[in-house]
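Here is the structure we will look at, set down as structure tokens.
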Amino acid sequence: MAGHSHAKNIMHRKGKSDAVRSKVFSKLAREITVAAKMGMPDPAFNSRLRLAVTNARALSMPRDNIERAIKKAMGNDGENYEEIRYEGYGPGGVAIIVETLTDNRNRTASNVRSTFSKNGGAMGETNSVGFMFDKIGEIEYPAKAGSSDKIMEAAIDAGADDVESDEDGHWIYTSFENMVDVAAALEKVLGEAESVKAIWKPQTNTPIDADKGASLMKLIGLLEEDDDVQNVYSNFEMSDEDMAKLDA
């Protein structure tokens with residue numbers, strides 16, 4: 001167990017505008033619909049749907065939107081989404097994984113490839129960078145959930161593998177296979193998590209400076225704006241000084 005500080009430069013940026021909020025809700029709804037189609041439309045009997053609903057609630061998605069997304073899975077609207085992962089490199093040789101849910105793989109592949117190539121990157125073949133990452137479970141709690149010692153103790157008892165804490169919150173890591181069980185054990189002690197999700201965590205990071213970082217942030221931002229893209233992961237590492245330059 002390591003209680004080191006969560007790397008802020010790999011945290012997803014949370015938008016505040018109504019447009020960004022609407023896009024986030026759209027992606028959450030798509031995940032809920034896909035999860036409901038893949039199993040029972042009842043979160044109590046569908047772990048993926050339960051996690052999707054939990055994450056939607058954590059971001060204050062209205063109950064009506066959640067219920068509508070579940071009902072959509074039970075209808076015959078003709079929308080069949082498939083999960084496709086794209087991989088490539090960004091500015092500075094940073095490895096990037098892009099997870100999508102799409103009803104048109106040709107459109108999505110074309111858009112992702114174009115975004116890479118127009119912004120200093122290059123899309124590669126499947127597993128061209130995937131081997132540099134581990135697929136694991138990430139369980140997030142706000143700082144108010146407790147002290148780092150309390151979170152560490154709860155995580156150890158729940159069977160987690162690692163914990164990172166700082167002034168913004170706590171991130172508990174577990175194997176992908178044990179994620180649901182660990183989350184359930186933590187909920188009994190700490191309450192409901194802010195999010196429970198599978199992520200691609202880099203095994204090693206690629207250092208970049210502020211100049212490359214600015215180009216990389218633009219590329220990642222454009223990828224995240226694509227309606228078909230659900231998540232973007234990368235292995236960049238930047239000094240606090242260079243991060244401050246980008247935030248200025």
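Identifiers for the structure tokens are assigned positionally: chains receive A, B, ... in sequence, residues are indexed from 1 per chain, and ligands are indexed from 1 in the order shown.
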Quiz item: Looking only at the backbone, which of the residues in stretch 1-234 of chain A does DSSP tag as alpha helix (DSSP H), as a PyMOL selection string?
Solution: chain A and resi 18-38+47-58+63-74+105-118+148-158+179-190+210-225
Exercise. Excluding A:Ala198 and residues on its chain fewer than 2 positions from it, collect all residues at most 8 Å away from it, counting only C-alpha atoms, and give them as JSON, numbers by chain.
Key: {"A": [135, 136, 137, 138, 176, 179, 196, 200]}
Practice problem: Check stretch 18-139 of chain A with DSSP on the backbone and list each residue it calls strand (DSSP E), as a ChimeraX atom specification. | Solution: /A:82-89,95-102,122-124,133-139
Could you save the residues just selected, with N, CA and C atoms, as a PDB file, in the first residue's frame?
```
ATOM      1  N   GLU A  82     -21.376  -0.420 -29.916  1.00  0.00           N
ATOM      2  CA  GLU A  82     -20.302  -1.361 -29.643  1.00  0.00           C
ATOM      3  C   GLU A  82     -19.136  -0.612 -29.013  1.00  0.00           C
ATOM      4  N   GLU A  83     -18.425  -1.322 -28.165  1.00  0.00           N
ATOM      5  CA  GLU A  83     -17.279  -0.747 -27.481  1.00  0.00           C
ATOM      6  C   GLU A  83     -16.028  -0.969 -28.326  1.00  0.00           C
ATOM      7  N   ILE A  84     -15.346   0.114 -28.671  1.00  0.00           N
ATOM      8  CA  ILE A  84     -14.116   0.015 -29.460  1.00  0.00           C
ATOM      9  C   ILE A  84     -13.044   0.859 -28.791  1.00  0.00           C
ATOM     10  N   ARG A  85     -11.856   0.293 -28.664  1.00  0.00           N
ATOM     11  CA  ARG A  85     -10.728   1.005 -28.064  1.00  0.00           C
ATOM     12  C   ARG A  85      -9.723   1.381 -29.144  1.00  0.00           C
ATOM     13  N   TYR A  86      -9.321   2.646 -29.143  1.00  0.00           N
ATOM     14  CA  TYR A  86      -8.301   3.129 -30.070  1.00  0.00           C
ATOM     15  C   TYR A  86      -7.069   3.513 -29.274  1.00  0.00           C
ATOM     16  N   GLU A  87      -5.913   3.366 -29.894  1.00  0.00           N
ATOM     17  CA  GLU A  87      -4.662   3.663 -29.211  1.00  0.00           C
ATOM     18  C   GLU A  87      -3.750   4.461 -30.131  1.00  0.00           C
ATOM     19  N   GLY A  88      -2.882   5.248 -29.519  1.00  0.00           N
ATOM     20  CA  GLY A  88      -1.959   6.028 -30.326  1.00  0.00           C
ATOM     21  C   GLY A  88      -1.004   6.823 -29.463  1.00  0.00           C
ATOM     22  N   TYR A  89      -0.289   7.722 -30.132  1.00  0.00           N
ATOM     23  CA  TYR A  89       0.684   8.565 -29.454  1.00  0.00           C
ATOM     24  C   TYR A  89       0.332  10.031 -29.679  1.00  0.00           C
ATOM     25  N   ALA A  95       1.705   8.127 -24.635  1.00  0.00           N
ATOM     26  CA  ALA A  95       0.783   7.059 -25.030  1.00  0.00           C
ATOM     27  C   ALA A  95      -0.644   7.429 -24.639  1.00  0.00           C
ATOM     28  N   ILE A  96      -1.598   7.159 -25.536  1.00  0.00           N
ATOM     29  CA  ILE A  96      -2.997   7.531 -25.308  1.00  0.00           C
ATOM     30  C   ILE A  96      -3.916   6.354 -25.640  1.00  0.00           C
ATOM     31  N   ILE A  97      -4.877   6.112 -24.767  1.00  0.00           N
ATOM     32  CA  ILE A  97      -5.934   5.131 -25.003  1.00  0.00           C
ATOM     33  C   ILE A  97      -7.267   5.862 -25.051  1.00  0.00           C
ATOM     34  N   VAL A  98      -8.062   5.572 -26.067  1.00  0.00           N
ATOM     35  CA  VAL A  98      -9.362   6.215 -26.246  1.00  0.00           C
ATOM     36  C   VAL A  98     -10.445   5.144 -26.244  1.00  0.00           C
ATOM     37  N   GLU A  99     -11.357   5.214 -25.290  1.00  0.00           N
ATOM     38  CA  GLU A  99     -12.474   4.266 -25.221  1.00  0.00           C
ATOM     39  C   GLU A  99     -13.715   4.913 -25.836  1.00  0.00           C
ATOM     40  N   THR A 100     -14.389   4.172 -26.716  1.00  0.00           N
ATOM     41  CA  THR A 100     -15.579   4.716 -27.369  1.00  0.00           C
ATOM     42  C   THR A 100     -16.763   3.764 -27.258  1.00  0.00           C
ATOM     43  N   LEU A 101     -17.948   4.341 -27.366  1.00  0.00           N
ATOM     44  CA  LEU A 101     -19.189   3.594 -27.551  1.00  0.00           C
ATOM     45  C   LEU A 101     -19.822   4.177 -28.805  1.00  0.00           C
ATOM     46  N   THR A 102     -19.958   3.369 -29.850  1.00  0.00           N
ATOM     47  CA  THR A 102     -20.399   3.924 -31.124  1.00  0.00           C
ATOM     48  C   THR A 102     -21.417   3.038 -31.833  1.00  0.00           C
ATOM     49  N   ALA A 122      -0.550  10.457 -33.562  1.00  0.00           N
ATOM     50  CA  ALA A 122      -0.706   9.423 -34.587  1.00  0.00           C
ATOM     51  C   ALA A 122      -1.427   8.235 -33.978  1.00  0.00           C
ATOM     52  N   MET A 123      -2.504   7.779 -34.627  1.00  0.00           N
ATOM     53  CA  MET A 123      -3.234   6.622 -34.128  1.00  0.00           C
ATOM     54  C   MET A 123      -2.502   5.354 -34.546  1.00  0.00           C
ATOM     55  N   GLY A 124      -2.383   4.404 -33.630  1.00  0.00           N
ATOM     56  CA  GLY A 124      -1.688   3.160 -33.916  1.00  0.00           C
ATOM     57  C   GLY A 124      -2.642   1.983 -33.987  1.00  0.00           C
ATOM     58  N   PHE A 133      -0.195  -0.087 -20.117  1.00  0.00           N
ATOM     59  CA  PHE A 133      -1.201   0.235 -19.112  1.00  0.00           C
ATOM     60  C   PHE A 133      -1.749  -1.043 -18.477  1.00  0.00           C
ATOM     61  N   ASP A 134      -2.292  -0.904 -17.278  1.00  0.00           N
ATOM     62  CA  ASP A 134      -3.008  -1.988 -16.612  1.00  0.00           C
ATOM     63  C   ASP A 134      -4.463  -1.569 -16.449  1.00  0.00           C
ATOM     64  N   LYS A 135      -5.382  -2.474 -16.767  1.00  0.00           N
ATOM     65  CA  LYS A 135      -6.797  -2.187 -16.550  1.00  0.00           C
ATOM     66  C   LYS A 135      -7.139  -2.568 -15.118  1.00  0.00           C
ATOM     67  N   ILE A 136      -7.496  -1.570 -14.333  1.00  0.00           N
ATOM     68  CA  ILE A 136      -7.759  -1.786 -12.913  1.00  0.00           C
ATOM     69  C   ILE A 136      -9.041  -1.048 -12.510  1.00  0.00           C
ATOM     70  N   GLY A 137      -9.441  -1.241 -11.258  1.00  0.00           N
ATOM     71  CA  GLY A 137     -10.596  -0.525 -10.733  1.00  0.00           C
ATOM     72  C   GLY A 137     -10.167   0.687  -9.938  1.00  0.00           C
ATOM     73  N   GLU A 138     -10.876   1.811 -10.109  1.00  0.00           N
ATOM     74  CA  GLU A 138     -10.608   3.031  -9.355  1.00  0.00           C
ATOM     75  C   GLU A 138     -11.876   3.453  -8.624  1.00  0.00           C
ATOM     76  N   ILE A 139     -11.762   3.630  -7.320  1.00  0.00           N
ATOM     77  CA  ILE A 139     -12.893   4.035  -6.485  1.00  0.00           C
ATOM     78  C   ILE A 139     -12.536   5.380  -5.860  1.00  0.00           C
TER      79      ILE A 139
END
```
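If only C-alpha atoms are the atoms counted, then among A:Ser239, A:Gly93, A:Arg30, A:Phe45 the closest residue to A:Asn65 is A:Arg30.
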Quiz item: Using only C-alpha atoms, which of A:Glu237, A:Leu190, A:Tyr81, A:Asn106 sits nearest A:Ser147?
Solution: A:Leu190
Quiz prompt | Straight-line distance linking atom CA of A:Asn205 with atom CA of A:Gly90, stated in Å to one decimal | solution = 13.2 Å
